[in-house]
$ cat upload.cif   # mmCIF, C-alpha atoms
data_query
#
loop_
_atom_site.label_atom_id
_atom_site.label_comp_id
_atom_site.auth_asym_id
_atom_site.auth_seq_id
_atom_site.Cartn_x
_atom_site.Cartn_y
_atom_site.Cartn_z
CA MET L 338 -24.27 24.65 -7.55
CA LYS L 339 -24.06 21.69 -9.91
CA ALA L 340 -20.49 20.95 -8.75
CA GLU L 341 -21.57 21.26 -5.13
CA ARG L 342 -24.43 18.78 -5.63
CA TRP L 343 -21.99 16.40 -7.38
CA MET L 344 -19.60 16.54 -4.44
CA LYS L 345 -22.41 15.92 -1.95
CA TRP L 346 -23.57 12.93 -3.98
CA LEU L 347 -20.03 11.56 -4.22
CA LEU L 348 -19.43 11.90 -0.46
CA GLY L 349 -22.74 10.17 0.22
CA ALA L 350 -21.87 7.39 -2.22
CA LEU L 351 -18.46 6.99 -0.60
CA LEU L 352 -20.07 6.50 2.81
CA LEU L 353 -22.72 4.11 1.49
CA GLY L 354 -20.18 2.10 -0.48
CA ALA L 355 -17.86 1.87 2.49
CA MET L 356 -20.67 0.64 4.74
CA GLN L 357 -21.75 -1.99 2.21
CA LEU L 358 -18.20 -3.27 1.71
CA ALA L 359 -17.54 -3.41 5.43
CA LEU L 360 -20.76 -5.30 6.17
CA ALA L 361 -20.57 -7.73 3.26
CA GLY L 362 -16.86 -8.47 3.27
CA PRO L 363 -15.27 -8.04 -0.15
CA ALA L 364 -15.00 -11.18 -2.28
CA ILE L 365 -11.43 -11.30 -3.57
CA GLN L 366 -10.77 -12.59 -7.09
CA HIS L 367 -7.30 -13.76 -8.07
CA TRP L 368 -5.44 -14.68 -11.26
CA THR L 369 -2.02 -14.40 -12.89
CA THR L 370 -1.23 -12.36 -16.01
CA ALA L 371 0.47 -13.80 -19.09
CA ASN L 372 3.90 -12.62 -17.97
CA GLY L 373 3.58 -13.85 -14.40
CA MET L 374 2.21 -11.00 -12.28
CA ARG L 375 -0.25 -12.09 -9.59
CA VAL L 376 -3.48 -10.05 -9.52
CA TYR L 377 -5.98 -9.50 -6.69
CA PHE L 378 -9.27 -7.78 -7.54
CA VAL L 379 -12.40 -6.61 -5.71
CA PRO L 380 -15.17 -4.94 -7.73
CA ALA L 381 -16.71 -1.86 -6.11
CA ASP L 382 -19.46 -0.50 -8.33
CA GLU L 383 -20.77 2.06 -5.84
CA LEU L 384 -18.17 4.69 -6.75
CA PRO L 385 -16.89 5.99 -10.09
CA MET L 386 -13.30 5.37 -8.95
CA ILE L 387 -10.48 2.91 -9.55
CA ASP L 388 -7.64 2.22 -7.12
CA ILE L 389 -4.49 0.38 -8.21
CA ARG L 390 -1.48 -0.70 -6.17
CA VAL L 391 1.55 -2.46 -7.66
CA THR L 392 3.82 -3.98 -5.02
CA PHE L 393 7.26 -5.50 -5.59
CA ALA L 394 9.54 -7.51 -3.32
CA ALA L 395 11.96 -4.63 -3.68
CA GLY L 396 12.23 -3.15 -0.21
CA ALA L 397 15.27 -2.37 1.89
CA ALA L 398 15.76 -6.09 2.57
CA ARG L 399 17.08 -6.21 -1.04
CA ASP L 400 19.57 -3.38 -0.56
CA GLY L 401 22.52 -5.75 -0.09
CA ASP L 402 25.76 -3.79 0.15
CA LYS L 403 24.02 -0.56 -0.94
CA PRO L 404 21.78 0.46 1.99
CA GLY L 405 19.20 3.02 0.91
CA ILE L 406 19.00 1.96 -2.74
CA ALA L 407 15.40 0.68 -2.52
CA SER L 408 14.27 3.92 -0.91
CA MET L 409 16.20 6.01 -3.43
CA THR L 410 14.83 4.03 -6.39
CA SER L 411 11.29 4.58 -5.12
CA ARG L 412 11.91 8.32 -4.75
CA MET L 413 13.11 8.54 -8.34
CA LEU L 414 10.25 6.74 -10.10
CA THR L 415 8.22 9.93 -10.66
CA GLN L 416 11.24 12.14 -11.36
CA GLY L 417 11.16 11.52 -15.10
CA ALA L 418 9.76 8.62 -17.12
CA GLY L 419 9.19 7.73 -20.74
CA GLY L 420 10.79 10.97 -21.88
CA ARG L 421 8.61 13.18 -19.66
CA SER L 422 10.05 15.38 -16.93
CA ALA L 423 8.95 15.25 -13.30
CA ASP L 424 6.85 18.40 -13.83
CA GLU L 425 5.19 16.96 -16.92
CA ILE L 426 4.35 13.74 -15.08
CA ALA L 427 2.89 15.63 -12.14
CA GLN L 428 0.84 17.82 -14.50
CA ALA L 429 -0.51 14.78 -16.35
CA PHE L 430 -2.00 13.40 -13.14
CA GLU L 431 -3.20 16.79 -11.96
CA ASP L 432 -5.02 17.48 -15.24
CA VAL L 433 -7.35 14.51 -14.70
CA GLY L 434 -7.59 14.65 -10.90
CA ALA L 435 -5.61 11.45 -10.43
CA ARG L 436 -3.13 10.71 -7.65
CA ILE L 437 0.06 8.65 -7.82
CA GLY L 438 2.01 7.42 -4.83
CA THR L 439 5.28 5.56 -4.32
CA GLY L 440 7.07 4.22 -1.28
CA ALA L 441 9.46 1.67 0.17
CA LEU L 442 9.64 -0.32 3.41
CA ARG L 443 11.86 -3.18 4.49
CA ASP L 444 9.92 -5.85 2.59
CA MET L 445 8.47 -3.96 -0.37
CA SER L 446 8.32 -1.04 -2.74
CA TRP L 447 5.05 0.08 -4.32
CA LEU L 448 3.34 2.42 -6.75
CA SER L 449 -0.32 3.40 -6.39
CA LEU L 450 -2.87 5.16 -8.58
CA ARG L 451 -6.30 6.58 -7.82
CA SER L 452 -8.38 7.81 -10.74
CA LEU L 453 -11.95 8.39 -11.81
CA SER L 454 -13.22 5.41 -13.82
CA ASP L 455 -14.57 7.47 -16.74
CA PRO L 456 -12.27 6.74 -19.72
CA GLU L 457 -11.89 10.49 -20.31
CA TYR L 458 -9.95 10.66 -17.04
CA LEU L 459 -8.73 7.10 -16.62
CA GLU L 460 -6.93 6.74 -19.95
CA PRO L 461 -4.59 9.74 -19.48
CA ALA L 462 -3.96 8.66 -15.89
CA LEU L 463 -3.05 5.13 -16.99
CA ASP L 464 -0.79 6.47 -19.71
CA ALA L 465 1.16 8.53 -17.17
CA PHE L 466 1.15 5.70 -14.62
CA THR L 467 2.50 3.08 -17.03
CA ARG L 468 5.32 5.42 -18.06
CA VAL L 469 6.36 5.64 -14.41
CA LEU L 470 5.89 1.91 -13.84
CA TRP L 471 7.68 0.71 -16.97
CA HIS L 472 10.17 3.37 -18.03
CA PRO L 473 11.60 5.55 -15.25
CA ASP L 474 14.42 7.62 -16.73
CA PHE L 475 16.42 8.31 -13.54
CA PRO L 476 17.68 11.67 -14.87
CA GLU L 477 21.05 12.62 -13.40
CA ALA L 478 20.11 16.13 -12.21
CA ASP L 479 16.98 14.89 -10.43
CA PHE L 480 18.96 12.00 -8.98
CA LEU L 481 21.53 14.33 -7.44
CA ARG L 482 18.79 16.54 -6.00
CA ASN L 483 16.86 13.61 -4.52
CA ARG L 484 20.04 12.03 -3.17
CA ASN L 485 20.77 15.28 -1.34
CA GLN L 486 17.23 15.28 0.04
CA GLN L 487 17.67 11.72 1.29
CA LEU L 488 20.97 12.71 2.91
CA LEU L 489 19.27 15.69 4.57
CA GLY L 490 16.61 13.33 5.92
CA ILE L 491 19.29 11.06 7.36
CA LYS L 492 20.99 14.05 8.98
CA ALA L 493 17.68 15.27 10.41
CA GLY L 494 17.19 11.84 11.94
CA GLU L 495 20.41 12.32 13.90
CA ALA L 496 18.63 15.10 15.81
CA SER L 497 15.62 12.93 16.68
CA PRO L 498 15.95 10.65 19.73
CA GLY L 499 13.07 8.54 18.44
CA LYS L 500 14.78 7.96 15.08
CA ILE L 501 18.08 7.21 16.79
CA ALA L 502 16.40 4.69 19.09
CA SER L 503 14.55 2.97 16.25
CA LYS L 504 17.69 2.57 14.13
CA ALA L 505 19.70 1.30 17.09
CA PHE L 506 16.92 -1.15 17.98
CA TYR L 507 16.76 -2.71 14.51
CA ARG L 508 20.55 -2.85 14.30
CA ALA L 509 20.84 -4.57 17.70
CA VAL L 510 17.93 -6.98 17.11
CA TYR L 511 18.78 -8.00 13.54
CA GLY L 512 22.53 -7.43 13.22
CA ASP L 513 23.67 -8.48 9.72
CA HIS L 514 20.20 -9.70 8.75
CA PRO L 515 18.64 -7.60 5.93
CA TYR L 516 16.22 -6.03 8.43
CA GLY L 517 19.14 -4.58 10.40
CA SER L 518 19.89 -1.72 8.00
CA PRO L 519 17.83 1.51 8.01
CA VAL L 520 15.40 1.79 5.11
CA GLU L 521 16.81 5.19 4.11
CA GLY L 522 20.38 3.92 4.26
CA THR L 523 23.34 5.64 5.88
CA LYS L 524 25.20 8.81 4.95
CA GLU L 525 28.13 6.77 3.67
CA SER L 526 26.05 4.34 1.62
CA VAL L 527 23.74 6.93 0.04
CA GLU L 528 26.65 9.16 -0.97
CA LYS L 529 28.04 6.26 -3.01
CA LEU L 530 24.82 5.52 -4.93
CA THR L 531 24.77 6.21 -8.67
CA VAL L 532 22.15 6.34 -11.38
CA ASP L 533 23.51 3.08 -12.76
CA ASP L 534 22.97 1.45 -9.35
CA LEU L 535 19.31 2.48 -9.37
CA LYS L 536 18.78 1.32 -12.95
CA ALA L 537 20.26 -2.10 -12.12
CA PHE L 538 18.09 -2.40 -9.00
CA HIS L 539 14.99 -1.49 -11.00
CA ARG L 540 15.81 -4.00 -13.77
CA ARG L 541 16.24 -6.81 -11.25
CA TYR L 542 13.29 -6.28 -8.92
CA PHE L 543 10.60 -4.29 -10.77
CA VAL L 544 9.53 -7.27 -12.87
CA ALA L 545 6.24 -9.10 -13.27
CA ARG L 546 7.06 -12.30 -11.40
CA ASN L 547 8.36 -10.27 -8.47
CA GLY L 548 5.20 -8.18 -8.21
CA VAL L 549 1.61 -8.18 -7.04
CA LEU L 550 -1.13 -6.08 -8.63
CA ALA L 551 -4.13 -5.06 -6.50
CA ILE L 552 -7.19 -3.46 -8.13
CA THR L 553 -10.52 -2.29 -6.78
CA GLY L 554 -13.20 -0.03 -8.18
CA LYS L 555 -15.90 0.29 -10.80
CA LEU L 556 -14.79 -2.57 -13.05
CA THR L 557 -16.13 -5.92 -14.18
CA ARG L 558 -13.90 -8.99 -13.98
CA ALA L 559 -13.33 -8.82 -17.73
CA GLU L 560 -12.36 -5.14 -17.52
CA ALA L 561 -10.07 -5.83 -14.58
CA GLU L 562 -8.34 -8.64 -16.49
CA LYS L 563 -7.81 -6.31 -19.45
CA LEU L 564 -6.45 -3.60 -17.16
CA ALA L 565 -4.14 -6.03 -15.36
CA GLY L 566 -2.81 -7.34 -18.65
CA ARG L 567 -2.16 -3.81 -19.81
CA LEU L 568 -0.37 -2.76 -16.62
CA SER L 569 1.87 -5.83 -16.53
CA SER L 570 2.57 -6.01 -20.26
CA GLY L 571 5.33 -3.41 -20.19
CA LEU L 572 7.26 -5.21 -17.45
CA GLU L 573 9.87 -7.86 -18.10
CA PRO L 574 8.73 -11.26 -16.74
CA GLY L 575 11.93 -11.56 -14.68
CA GLU L 576 12.17 -13.74 -11.59
CA ALA L 577 10.80 -13.50 -8.09
CA ALA L 578 13.26 -12.35 -5.44
CA PRO L 579 14.52 -15.12 -3.16
CA PRO L 580 12.81 -15.47 0.23
CA THR L 581 14.05 -13.22 3.02
CA PRO L 582 16.18 -15.37 5.35
CA PRO L 583 14.87 -16.17 8.83
CA ALA L 584 15.87 -13.70 11.52
CA PRO L 585 18.26 -15.21 14.08
CA ALA L 586 16.90 -15.62 17.60
CA LEU L 587 18.57 -13.59 20.34
CA LYS L 588 20.51 -15.68 22.85
CA GLU L 589 20.90 -13.17 25.66
CA PRO L 590 19.64 -9.74 26.74
CA LYS L 591 21.38 -6.59 25.61
CA GLU L 592 21.04 -3.01 26.87
CA ILE L 593 22.19 -0.02 24.82
CA ARG L 594 22.23 3.50 26.28
CA ILE L 595 22.82 6.32 23.82
CA PRO L 596 23.41 9.80 25.25
CA PHE L 597 21.22 12.58 23.88
CA PRO L 598 20.60 16.07 25.32
CA SER L 599 16.95 15.64 26.22
CA ARG L 600 14.94 15.30 29.44
CA GLN L 601 12.76 12.69 27.80
CA ALA L 602 14.12 9.22 27.17
CA HIS L 603 12.94 7.07 24.26
CA VAL L 604 12.95 3.36 25.07
CA TYR L 605 12.53 0.39 22.73
CA MET L 606 12.50 -3.19 24.07
CA GLY L 607 12.03 -6.38 22.08
CA HIS L 608 13.31 -9.08 19.77
CA PRO L 609 12.33 -10.84 16.51
CA GLY L 610 8.68 -11.87 16.65
CA ILE L 611 6.68 -13.62 13.94
CA GLU L 612 6.44 -13.76 10.17
CA ARG L 613 3.28 -13.06 8.17
CA GLY L 614 1.02 -16.08 8.00
CA ASN L 615 2.17 -17.50 11.33
CA PRO L 616 -0.70 -19.61 12.78
CA ASP L 617 -0.30 -17.88 16.16
CA TYR L 618 -0.98 -14.45 14.67
CA TYR L 619 -4.57 -14.11 15.92
CA ALA L 620 -3.75 -15.23 19.46
CA LEU L 621 -0.80 -12.85 19.60
CA TYR L 622 -2.83 -9.99 18.10
CA LEU L 623 -5.61 -10.37 20.65
CA GLY L 624 -3.20 -10.94 23.53
CA ASN L 625 -1.17 -7.89 22.60
CA HIS L 626 -4.32 -5.77 22.55
CA VAL L 627 -4.70 -6.63 26.22
CA LEU L 628 -1.00 -6.20 26.98
CA GLY L 629 -0.17 -2.93 25.23
CA GLY L 630 -2.05 -2.48 21.98
CA GLY L 631 -5.41 -1.39 23.33
CA GLY L 632 -4.59 2.16 24.38
CA PHE L 633 -5.75 3.23 27.83
CA THR L 634 -7.40 -0.13 28.48
CA SER L 635 -4.12 -2.05 28.10
CA ARG L 636 -2.14 -3.38 31.04
CA LEU L 637 1.04 -1.52 30.21
CA VAL L 638 -0.76 1.82 30.18
CA LYS L 639 -2.59 1.03 33.42
CA GLU L 640 0.52 -0.18 35.25
CA VAL L 641 3.20 2.15 33.92
CA ARG L 642 1.31 5.36 33.21
CA VAL L 643 -1.97 5.43 35.12
CA LYS L 644 -0.89 3.84 38.41
CA ARG L 645 2.66 5.18 38.59
CA GLY L 646 2.88 8.11 36.18
CA TYR L 647 6.24 6.95 34.85
CA VAL L 648 5.64 7.53 31.15
CA TYR L 649 4.07 9.88 28.65
CA SER L 650 3.21 6.94 26.41
CA VAL L 651 3.75 3.19 26.38
CA TYR L 652 2.58 0.53 23.95
CA SER L 653 3.49 -2.84 22.48
CA TYR L 654 2.99 -4.51 19.13
CA PHE L 655 3.91 -7.36 16.81
CA LEU L 656 4.96 -6.34 13.29
CA PRO L 657 4.83 -9.49 11.14
CA MET L 658 6.90 -9.27 7.97
CA ALA L 659 8.20 -11.69 5.34
CA SER L 660 10.65 -12.89 7.95
CA GLN L 661 10.25 -12.47 11.71
CA GLY L 662 9.32 -8.84 12.26
CA PRO L 663 9.83 -7.31 15.69
CA PHE L 664 7.90 -7.71 18.90
CA GLN L 665 8.38 -4.40 20.62
CA ILE L 666 7.50 -2.46 23.76
CA ALA L 667 8.10 1.27 23.39
CA MET L 668 7.80 4.16 25.79
CA GLN L 669 8.78 7.75 26.44
CA THR L 670 9.64 8.87 29.95
CA ARG L 671 11.73 11.27 32.00
CA GLY L 672 15.32 10.21 32.39
CA SER L 673 15.03 10.02 36.17
CA GLN L 674 12.20 7.47 35.84
CA VAL L 675 13.48 5.38 32.95
CA ASP L 676 14.84 2.46 34.99
CA ASP L 677 11.66 2.20 37.05
CA ALA L 678 9.49 2.39 33.93
CA ILE L 679 11.49 -0.38 32.25
CA ALA L 680 11.33 -2.55 35.38
CA VAL L 681 7.54 -2.20 35.68
CA SER L 682 7.09 -2.88 31.95
CA ARG L 683 9.14 -6.07 32.17
CA ASP L 684 7.26 -7.18 35.27
CA THR L 685 3.92 -6.46 33.59
CA LEU L 686 4.95 -8.54 30.57
CA ARG L 687 6.09 -11.46 32.73
CA ARG L 688 2.90 -11.42 34.82
CA PHE L 689 0.79 -11.27 31.69
CA MET L 690 2.62 -14.27 30.25
CA ALA L 691 2.32 -16.21 33.50
CA ASP L 692 -1.34 -15.49 34.27
CA GLY L 693 -2.78 -14.72 30.85
CA PRO L 694 -5.58 -12.24 30.22
CA SER L 695 -8.75 -12.26 32.28
CA ALA L 696 -12.10 -13.20 30.76
CA GLU L 697 -13.17 -9.57 31.06
CA GLU L 698 -10.05 -8.33 29.26
CA ILE L 699 -10.53 -10.83 26.43
CA GLU L 700 -14.18 -9.93 25.99
CA ALA L 701 -13.51 -6.19 25.95
CA SER L 702 -10.60 -6.58 23.51
CA LYS L 703 -12.60 -8.81 21.17
CA LYS L 704 -15.41 -6.26 21.06
CA ASN L 705 -12.96 -3.43 20.42
CA ILE L 706 -11.10 -5.25 17.64
CA THR L 707 -14.07 -6.77 15.83
CA GLY L 708 -16.22 -3.68 16.27
CA GLY L 709 -13.56 -1.46 14.75
CA PHE L 710 -12.51 -3.80 11.96
CA PRO L 711 -15.14 -2.63 9.41
CA LEU L 712 -13.71 0.89 9.67
CA ARG L 713 -10.31 -0.47 8.62
CA ILE L 714 -11.74 -1.59 5.27
CA ALA L 715 -14.18 1.30 4.87
CA SER L 716 -12.80 2.79 1.65
CA ASN L 717 -11.44 1.66 -1.68
CA GLY L 718 -8.02 2.90 -0.58
CA ASP L 719 -8.16 0.64 2.47
CA ILE L 720 -9.31 -2.31 0.38
CA VAL L 721 -6.55 -1.99 -2.22
CA GLU L 722 -3.89 -1.79 0.50
CA TYR L 723 -5.24 -4.95 2.14
CA LEU L 724 -5.35 -6.69 -1.24
CA ALA L 725 -1.69 -5.81 -1.75
CA VAL L 726 -0.75 -7.18 1.67
CA ILE L 727 -2.77 -10.37 1.12
CA GLY L 728 -1.12 -10.93 -2.25
CA PHE L 729 2.38 -9.97 -1.22
CA TYR L 730 2.42 -12.23 1.84
CA HIS L 731 0.40 -15.06 0.25
CA LEU L 732 -2.38 -14.79 2.83
CA PRO L 733 -5.69 -16.64 2.30
CA LEU L 734 -8.16 -14.97 -0.06
CA GLU L 735 -10.78 -15.11 2.68
CA TYR L 736 -8.53 -13.19 5.12
CA LEU L 737 -10.83 -10.15 5.33
CA ASP L 738 -13.94 -12.31 5.67
CA THR L 739 -12.54 -14.48 8.44
CA PHE L 740 -10.50 -11.97 10.48
CA THR L 741 -13.19 -11.20 13.05
CA LYS L 742 -14.21 -14.88 13.28
CA GLU L 743 -10.61 -15.87 13.97
CA ILE L 744 -10.31 -13.23 16.70
CA ASP L 745 -13.62 -14.30 18.27
CA ALA L 746 -12.45 -17.92 18.36
CA VAL L 747 -9.25 -17.25 20.36
CA ARG L 748 -9.21 -18.63 23.91
CA ALA L 749 -7.15 -17.48 26.90
CA GLU L 750 -5.02 -20.62 26.97
CA GLU L 751 -4.12 -20.12 23.28
CA ILE L 752 -2.86 -16.61 24.08
CA VAL L 753 -0.69 -17.91 26.92
CA ALA L 754 0.75 -20.68 24.73
CA ALA L 755 1.42 -18.33 21.80
CA PHE L 756 3.22 -15.80 23.99
CA GLU L 757 5.28 -18.58 25.53
CA ARG L 758 6.36 -19.69 22.06
CA HIS L 759 7.18 -16.27 20.66
CA VAL L 760 7.98 -13.81 23.48
CA HIS L 761 11.20 -14.13 25.47
CA PRO L 762 11.57 -11.51 28.22
CA ASP L 763 14.99 -12.80 29.23
CA SER L 764 16.61 -12.21 25.82
CA MET L 765 15.29 -8.80 24.83
CA VAL L 766 17.21 -5.86 23.42
CA THR L 767 16.63 -2.64 25.36
CA VAL L 768 17.60 0.66 23.72
CA ILE L 769 17.49 3.89 25.73
CA VAL L 770 18.17 7.22 24.03
CA GLY L 771 18.32 10.51 25.92
CA GLY L 772 16.89 11.34 29.30
CA GLY L 773 20.14 12.65 30.75
CA LYS L 774 19.16 16.34 30.86
CA GLU L 775 17.04 17.08 33.91
CA GLU L 776 15.56 20.36 35.15
#

$ encode --input "upload.cif" --output "structure tokens"
Amino acid sequence: MKAERWMKWLLGALLLGAMQLALAGPAIQHWTTANGMRVYFVPADELPMIDIRVTFAAGAARDGDKPGIASMTSRMLTQGAGGRSADEIAQAFEDVGARIGTGALRDMSWLSLRSLSDPEYLEPALDAFTRVLWHPDFPEADFLRNRNQQLLGIKAGEASPGKIASKAFYRAVYGDHPYGSPVEGTKESVEKLTVDDLKAFHRRYFVARNGVLAITGKLTRAEAEKLAGRLSSGLEPGEAAPPTPPAPALKEPKEIRIPFPSRQAHVYMGHPGIERGNPDYYALYLGNHVLGGGGFTSRLVKEVRVKRGYVYSVYSYFLPMASQGPFQIAMQTRGSQVDDAIAVSRDTLRRFMADGPSAEEIEASKKNITGGFPLRIASNGDIVEYLAVIGFYHLPLEYLDTFTKEIDAVRAEEIVAAFERHVHPDSMVTVIVGGGKEE
């Protein structure tokens, strides 16, 4: 009964803390450690928890001539560190109820930790976490096993029309740019990876000046500074990775049809969009909510699915990254309807760009976005992820406080102008996979 009452209290505290954070807007504190790691901190005294996220500019964009090495390095971090085996590391976290996470995307790799703040639990969790952060061993046997798992994942992707379409889209849009290679690499590139490759990648990119540390939880500023100094102290200062080069603009349209034995076709359309921190972000975000990001209220859904029944799903989005991430329209449809669905989607985009959103559409989208925003920062886990993004992409410290104000301030003419600057319907890549097998 005592444990049950504790859990009920903790769940209630979680909800109360989330509501308070969402309503108040977390005040972000920022400093740099002695060896050059940038730190972003939000105190959250309502819960006896601490969340940590360490992010490095060590994503697939740094793979170079070894596609898949960032992903493989991330996989291996918990597979042996500081002389402990993978099982011993996992047990160390389990014993104190802590959770570790790792991952890699095109721009970044990260490690995360969630632990109770009581020193009885936090200290063992931090000991295990710093071993993984500072001293991964990359044991040969675990490396071979994980490399085989990564190869199996690549092979499984060859049976997924959605995966095939996504890879083909990035390859066609970005070409030889670092964003053009798949995050998990290719069969040929992963087979060539060695333990020495991973160790060299880790030495170069998992260094203090190439990282961002995000912390939130039951800590004072002084305690957070001590914790940040401790976490960064075992890292070499190193150097920040060079900026990701700009993505080249597409000069002409391109259509790629890839046969696949499926009735349903997966379609991706788009081109390089905007980078993080672009001043047109808010206008594009709001405009895209009207165009294809607002679910059943969006124009693409109304025109392509509701009115004509061409698709199972259709949506659009901007994915800002360190360089110009993609603007994309995606859909799934029967092969016999794919050309009509694409034509209506293109026409809907062009009409939206020509006429802009209506006053009613803007008002409804603003209410939807700003009303739902508090739920996006309603937990410590959400907060620490936002802190990492803010730090990694050098966004303003007041980003979370001003997001809804920026959205509310956007006018229809700003949306039209922003789309004209950044969206180019006449030079889009269109990838179509499958849809050739009809009943």

$ closest_residue --input "upload.cif" --among "L:Asp400, L:Ser452, L:Leu550, L:Phe538" --to "Val721 in chain L" --atoms "only C-alpha atoms"
L:Leu550

$ closest_atom_pairs --input "upload.cif" --of "range 347-432 of chain L" --to "range 723-729 of chain L" --cutoff "7 Å" --atoms "only C-alpha atoms" --output "tab-separated table"
residue	atom	partner	partner_atom	distance
L:Tyr377	CA	L:Leu724	CA	6.2
L:Arg390	CA	L:Ala725	CA	6.8
L:Thr392	CA	L:Ala725	CA	6.7

$ write_last_selection --input "upload.cif" --atoms "C-alpha atoms" --output "PDB file, keeping the file's coordinate frame"
ATOM      1  CA  TYR L 377      -5.980  -9.500  -6.690  1.00  0.00           C
ATOM      2  CA  ARG L 390      -1.480  -0.700  -6.170  1.00  0.00           C
ATOM      3  CA  THR L 392       3.820  -3.980  -5.020  1.00  0.00           C
TER       4      THR L 392
END

$ closest_residue --input "upload.cif" --among "L:Phe633, L:Tyr605, L:Phe393, L:Tyr619" --to "Thr670 in chain L" --atoms "all atoms listed in the file"
L:Tyr605

$ residues_around --input "upload.cif" --residues "range 620-622 of chain L" --least-positions-apart "5" --cutoff "8 Å" --atoms "all atoms listed in the file" --output "JSON list (two decimals) with C-alpha atoms, in the coordinates of the input"
[["chain", "number", "residue", "atom", "x", "y", "z"],
["L", 655, "PHE", "CA", 3.91, -7.36, 16.81],
["L", 744, "ILE", "CA", -10.31, -13.23, 16.70],
["L", 747, "VAL", "CA", -9.25, -17.25, 20.36],
["L", 748, "ARG", "CA", -9.21, -18.63, 23.91],
["L", 751, "GLU", "CA", -4.12, -20.12, 23.28],
["L", 752, "ILE", "CA", -2.86, -16.61, 24.08],
["L", 755, "ALA", "CA", 1.42, -18.33, 21.80],
["L", 756, "PHE", "CA", 3.22, -15.80, 23.99]]

$ closest_residue --input "upload.cif" --among "L:Asn615, L:Ser446, L:Asn372, L:Gln428" --to "Ala462 in chain L" --atoms "all atoms listed in the file"
L:Gln428

$ resolve_selection --input "upload.cif" --expression "the PyMOL selection byres ((chain L and resi 678) around 9)" --output "list of chain:residue names"
L:Val641, L:Arg642, L:Arg645, L:Tyr647, L:Val648, L:Met668, L:Thr670, L:Gln674, L:Val675, L:Asp676, L:Asp677, L:Ile679, L:Ala680, L:Val681, L:Ser682, L:Arg683
